[in-house]
>>> print(open('structure-v7.txt').read())   # compact mmCIF, C-alpha atoms
# COMPACT_ATOMS: atom_id res chain seq x y z
CA MET A 1 15.22 -15.27 14.21
CA ASN A 2 14.54 -15.49 17.92
CA ASP A 3 11.69 -15.01 20.30
CA SER A 4 12.79 -12.17 22.53
CA THR A 5 9.15 -11.11 22.54
CA CYS A 6 7.61 -14.24 24.16
CA PHE A 7 4.92 -14.18 21.45
CA PHE A 8 5.84 -17.47 19.79
CA ASN A 9 6.46 -21.04 20.88
CA ALA A 10 9.31 -23.20 19.50
CA GLU A 11 7.12 -24.83 16.84
CA VAL A 12 6.00 -21.47 15.46
CA LEU A 13 9.57 -20.14 15.46
CA ASP A 14 10.81 -23.24 13.57
CA PHE A 15 8.06 -22.74 10.97
CA GLN A 16 8.85 -19.02 10.61
CA THR A 17 12.56 -19.79 10.21
CA LYS A 18 11.84 -22.36 7.50
CA ILE A 19 9.58 -19.96 5.60
CA THR A 20 12.10 -17.14 5.91
CA LYS A 21 14.92 -19.30 4.50
CA CYS A 22 12.76 -20.50 1.57
CA SER A 23 11.48 -17.01 0.72
CA GLY A 24 14.79 -15.49 -0.25
CA LEU A 25 14.66 -12.87 2.49
CA SER A 26 18.03 -11.66 3.72
CA ASP A 27 19.52 -9.31 6.26
CA ARG A 28 19.60 -6.66 3.52
CA MET A 29 15.83 -6.68 3.05
CA TYR A 30 13.84 -3.71 4.31
CA LEU A 31 11.41 -4.33 7.12
CA PRO A 32 9.34 -1.57 8.67
CA PRO A 33 10.58 -0.15 11.98
CA GLY A 34 7.57 -1.53 13.85
CA ILE A 35 8.47 -5.09 12.78
CA GLN A 36 12.17 -4.62 13.57
CA ALA A 37 11.53 -3.25 17.06
CA ARG A 38 11.93 -5.53 20.06
CA PRO A 39 9.31 -6.10 21.17
CA PRO A 40 7.55 -5.50 17.85
CA ARG A 41 5.25 -2.49 17.66
CA LEU A 42 2.29 -4.13 15.95
CA SER A 43 -0.36 -1.44 15.86
CA MET A 44 -2.62 0.40 13.46
CA ALA A 45 -0.51 3.53 13.98
CA GLU A 46 2.67 1.70 12.88
CA ALA A 47 0.90 0.15 9.89
CA ARG A 48 -0.49 3.53 8.86
CA THR A 49 2.94 5.16 9.14
CA GLU A 50 4.43 2.43 6.95
CA ALA A 51 1.62 2.79 4.38
CA GLU A 52 2.05 6.58 4.27
CA THR A 53 5.81 6.26 3.85
CA VAL A 54 5.50 3.84 0.93
CA MET A 55 2.47 5.42 -0.71
CA PHE A 56 3.46 9.07 -0.48
CA GLY A 57 7.11 8.37 -1.30
CA SER A 58 6.06 6.52 -4.47
CA LEU A 59 3.49 9.11 -5.50
CA ASP A 60 5.83 12.06 -4.81
CA ALA A 61 8.48 10.44 -7.03
CA LEU A 62 5.92 9.62 -9.74
CA PHE A 63 4.49 13.14 -9.84
CA ALA A 64 7.98 14.68 -9.91
CA ALA A 65 9.22 12.38 -12.69
CA THR A 66 6.16 12.74 -14.93
CA GLY A 67 5.14 16.33 -14.28
CA ILE A 68 1.63 15.20 -13.35
CA ASP A 69 -0.16 17.77 -11.21
CA PRO A 70 -2.31 15.69 -8.85
CA ARG A 71 -4.64 18.65 -8.23
CA ARG A 72 -5.41 19.04 -11.91
CA ASP A 73 -4.42 15.93 -13.87
CA VAL A 74 -5.58 12.94 -11.84
CA CYS A 75 -9.17 11.94 -12.46
CA VAL A 76 -8.97 8.30 -11.32
CA LEU A 77 -7.11 6.96 -8.30
CA ILE A 78 -7.02 3.24 -7.54
CA VAL A 79 -5.30 2.10 -4.36
CA ASN A 80 -4.76 -1.56 -3.61
CA CYS A 81 -3.47 -2.77 -0.29
CA SER A 82 -4.18 -6.44 0.01
CA LEU A 83 -4.05 -6.76 3.80
CA PHE A 84 -4.11 -3.38 5.51
CA ASN A 85 -7.57 -1.85 5.43
CA LEU A 86 -8.20 1.20 7.55
CA THR A 87 -10.63 4.05 7.97
CA SER A 88 -10.25 6.58 6.46
CA SER A 89 -9.10 4.71 3.39
CA LEU A 90 -5.66 4.92 1.81
CA ALA A 91 -7.32 6.39 -1.29
CA CYS A 92 -8.93 9.09 0.86
CA MET A 93 -5.57 9.84 2.49
CA ALA A 94 -3.98 10.34 -0.96
CA VAL A 95 -6.85 12.49 -2.26
CA HIS A 96 -6.58 14.78 0.77
CA ARG A 97 -2.78 14.92 0.90
CA TYR A 98 -2.49 15.92 -2.74
CA ARG A 99 -5.66 18.04 -2.68
CA MET A 100 -7.04 16.25 -5.70
CA ARG A 101 -10.09 17.73 -7.33
CA GLU A 102 -13.54 17.08 -5.90
CA ASN A 103 -14.70 14.89 -8.76
CA VAL A 104 -11.75 12.47 -8.72
CA LYS A 105 -12.99 8.88 -8.93
CA SER A 106 -11.21 7.07 -6.12
CA PHE A 107 -11.31 3.35 -5.47
CA ASN A 108 -9.88 1.76 -2.35
CA LEU A 109 -9.34 -1.98 -2.63
CA GLY A 110 -8.37 -3.34 0.74
CA GLY A 111 -8.47 -6.62 2.57
CA MET A 112 -9.06 -8.66 -0.59
CA GLY A 113 -5.68 -10.35 -0.88
CA CYS A 114 -3.95 -10.74 -4.23
CA ARG A 115 -7.21 -10.73 -6.19
CA ALA A 116 -7.49 -7.00 -5.70
CA GLY A 117 -4.64 -6.52 -8.19
CA LEU A 118 -6.79 -8.01 -10.95
CA ILE A 119 -9.73 -5.88 -9.91
CA ALA A 120 -7.50 -2.77 -10.02
CA VAL A 121 -6.37 -3.63 -13.56
CA ASN A 122 -9.98 -4.14 -14.67
CA LEU A 123 -11.07 -0.84 -13.11
CA THR A 124 -8.27 0.94 -14.94
CA LYS A 125 -9.10 -0.72 -18.26
CA GLY A 126 -12.76 0.20 -17.86
CA ARG A 127 -11.90 3.84 -17.26
CA VAL A 128 -9.59 3.97 -20.28
CA ARG A 129 -12.27 2.38 -22.50
CA ARG A 130 -14.75 5.06 -21.44
CA GLY A 131 -12.44 7.61 -23.02
CA HIS A 132 -11.29 9.63 -20.04
CA ARG A 133 -9.00 12.26 -21.49
CA CYS A 134 -7.36 13.54 -18.32
CA GLY A 135 -4.21 12.11 -16.76
CA ARG A 136 -4.70 8.68 -15.25
CA LEU A 137 -3.07 7.11 -12.29
CA ALA A 138 -3.39 3.48 -11.32
CA TRP A 139 -1.31 2.75 -8.27
CA THR A 140 -0.87 -0.52 -6.46
CA GLN A 141 0.61 -0.99 -3.03
CA ARG A 142 0.86 -4.44 -1.54
CA GLY A 143 0.93 -4.83 2.20
CA GLU A 144 1.89 -8.45 2.76
>>> encode(input="structure-v7.txt", output="structure tokens")
Amino acid sequence: MNDSTCFFNAEVLDFQTKITKCSGLSDRMYLPPGIQARPPRLSMAEARTEAETVMFGSLDALFAATGIDPRRDVCVLIVNCSLFNLTSSLACMAVHRYRMRENVKSFNLGGMGCRAGLIAVNLTKGRVRRGHRCGRLAWTQRGE
């Protein structure tokens, strides 16, 4: 880890190095292109591109593996991104990309940290208890 960007002083770099070593991160871990770039490209556009890549890649694979038709079968969509919170929401982006039906119940949990995961589980449980018969999708994406 080095400071080719001039963003950090020596104390901050020492702290980041210590945290990195303790976290189990390695050279084989994926980091988004904006973080890898020198200087880093830390922008809303980069964060949105990363979120779209992860979210749509996961959902495309899920729909293909399960045969779920997002236009017909999804009646509840819950998106959780603990740090990244943009307008329009990630839930809105998914609803539009997959052309989900007009009455889909979408929940966007953003900027709440790790607690949002518990809220997402409770929202899902509440929907199941109400007896929704259509296909359900609870999806969590963490942006830490």
>>> atom_distance(input="structure-v7.txt", atom1="CA of Met55 in chain A", atom2="CA of Ile19 in chain A")
27.1 Å
>>> closest_residue(input="structure-v7.txt", among="A:Ala45, A:Leu86, A:Ala61, A:Ile78", to="Lys105 in chain A", atoms="all atoms listed in the file")
A:Ile78
>>> closest_residue(input="structure-v7.txt", among="A:Val104, A:Leu90, A:Cys22, A:Leu109", to="Ala47 in chain A", atoms="only C-alpha atoms")
A:Leu90
>>> closest_residue(input="structure-v7.txt", among="A:Asn80, A:Asn9, A:Glu102, A:Phe107", to="Arg127 in chain A", atoms="all atoms listed in the file")
A:Phe107
>>> residues_around(input="structure-v7.txt", residues="Ser106 in chain A", least_positions_apart="5", cutoff="7 Å", atoms="all atoms listed in the file", output="mmCIF file with C-alpha atoms, in the coordinates of the input")
data_model
loop_
_atom_site.group_PDB
_atom_site.id
_atom_site.type_symbol
_atom_site.label_atom_id
_atom_site.label_comp_id
_atom_site.auth_asym_id
_atom_site.auth_seq_id
_atom_site.Cartn_x
_atom_site.Cartn_y
_atom_site.Cartn_z
ATOM 1 C CA VAL A 76 -8.970 8.300 -11.320
ATOM 2 C CA LEU A 77 -7.110 6.960 -8.300
ATOM 3 C CA ILE A 78 -7.020 3.240 -7.540
ATOM 4 C CA ALA A 91 -7.320 6.390 -1.290
#
>>> closest_residue(input="structure-v7.txt", among="A:Met112, A:Val54, A:Leu42, A:Met100", to="Asp69 in chain A", atoms="all atoms listed in the file")
A:Met100
>>> atom_distance(input="structure-v7.txt", atom1="CA of Arg48 in chain A", atom2="CA of Gly67 in chain A")
27.0 Å
>>> decode(input="structure-v7.txt", residues="range 71-108 of chain A", atoms="C-alpha atoms", output="mmCIF file, in the first residue's frame")
data_model
loop_
_atom_site.group_PDB
_atom_site.id
_atom_site.type_symbol
_atom_site.label_atom_id
_atom_site.label_comp_id
_atom_site.auth_asym_id
_atom_site.auth_seq_id
_atom_site.Cartn_x
_atom_site.Cartn_y
_atom_site.Cartn_z
ATOM 1 C CA ARG A 71 -41.574 -9.131 -15.391
ATOM 2 C CA ARG A 72 -44.153 -11.615 -14.180
ATOM 3 C CA ASP A 73 -42.954 -13.447 -11.063
ATOM 4 C CA VAL A 74 -41.380 -10.834 -8.795
ATOM 5 C CA CYS A 75 -43.840 -9.049 -6.546
ATOM 6 C CA VAL A 76 -41.423 -7.909 -3.820
ATOM 7 C CA LEU A 77 -37.929 -6.514 -4.322
ATOM 8 C CA ILE A 78 -35.741 -5.588 -1.360
ATOM 9 C CA VAL A 79 -32.370 -4.009 -2.043
ATOM 10 C CA ASN A 80 -29.885 -3.372 0.731
ATOM 11 C CA CYS A 81 -26.717 -1.409 0.189
ATOM 12 C CA SER A 82 -25.366 -0.371 3.536
ATOM 13 C CA LEU A 83 -23.226 2.575 2.419
ATOM 14 C CA PHE A 84 -24.010 3.628 -1.142
ATOM 15 C CA ASN A 85 -27.288 5.498 -1.343
ATOM 16 C CA LEU A 86 -28.119 7.247 -4.580
ATOM 17 C CA THR A 87 -31.025 8.759 -6.454
ATOM 18 C CA SER A 88 -32.679 7.077 -8.256
ATOM 19 C CA SER A 89 -32.499 4.150 -5.880
ATOM 20 C CA LEU A 90 -30.874 0.806 -6.610
ATOM 21 C CA ALA A 91 -34.317 -0.789 -6.257
ATOM 22 C CA CYS A 92 -35.688 1.612 -8.877
ATOM 23 C CA MET A 93 -32.778 0.784 -11.192
ATOM 24 C CA ALA A 94 -33.575 -2.953 -10.913
ATOM 25 C CA VAL A 95 -37.321 -2.458 -11.409
ATOM 26 C CA HIS A 96 -36.681 -0.459 -14.595
ATOM 27 C CA ARG A 97 -33.916 -2.671 -15.977
ATOM 28 C CA TYR A 98 -35.986 -5.826 -15.646
ATOM 29 C CA ARG A 99 -39.267 -4.074 -16.517
ATOM 30 C CA MET A 100 -40.936 -5.442 -13.427
ATOM 31 C CA ARG A 101 -44.667 -5.035 -13.167
ATOM 32 C CA GLU A 102 -46.161 -1.751 -12.000
ATOM 33 C CA ASN A 103 -47.411 -3.086 -8.679
ATOM 34 C CA VAL A 104 -44.105 -4.595 -7.521
ATOM 35 C CA LYS A 105 -43.429 -3.642 -3.898
ATOM 36 C CA SER A 106 -39.882 -2.323 -3.884
ATOM 37 C CA PHE A 107 -37.890 -1.369 -0.822
ATOM 38 C CA ASN A 108 -34.543 0.384 -1.001
#
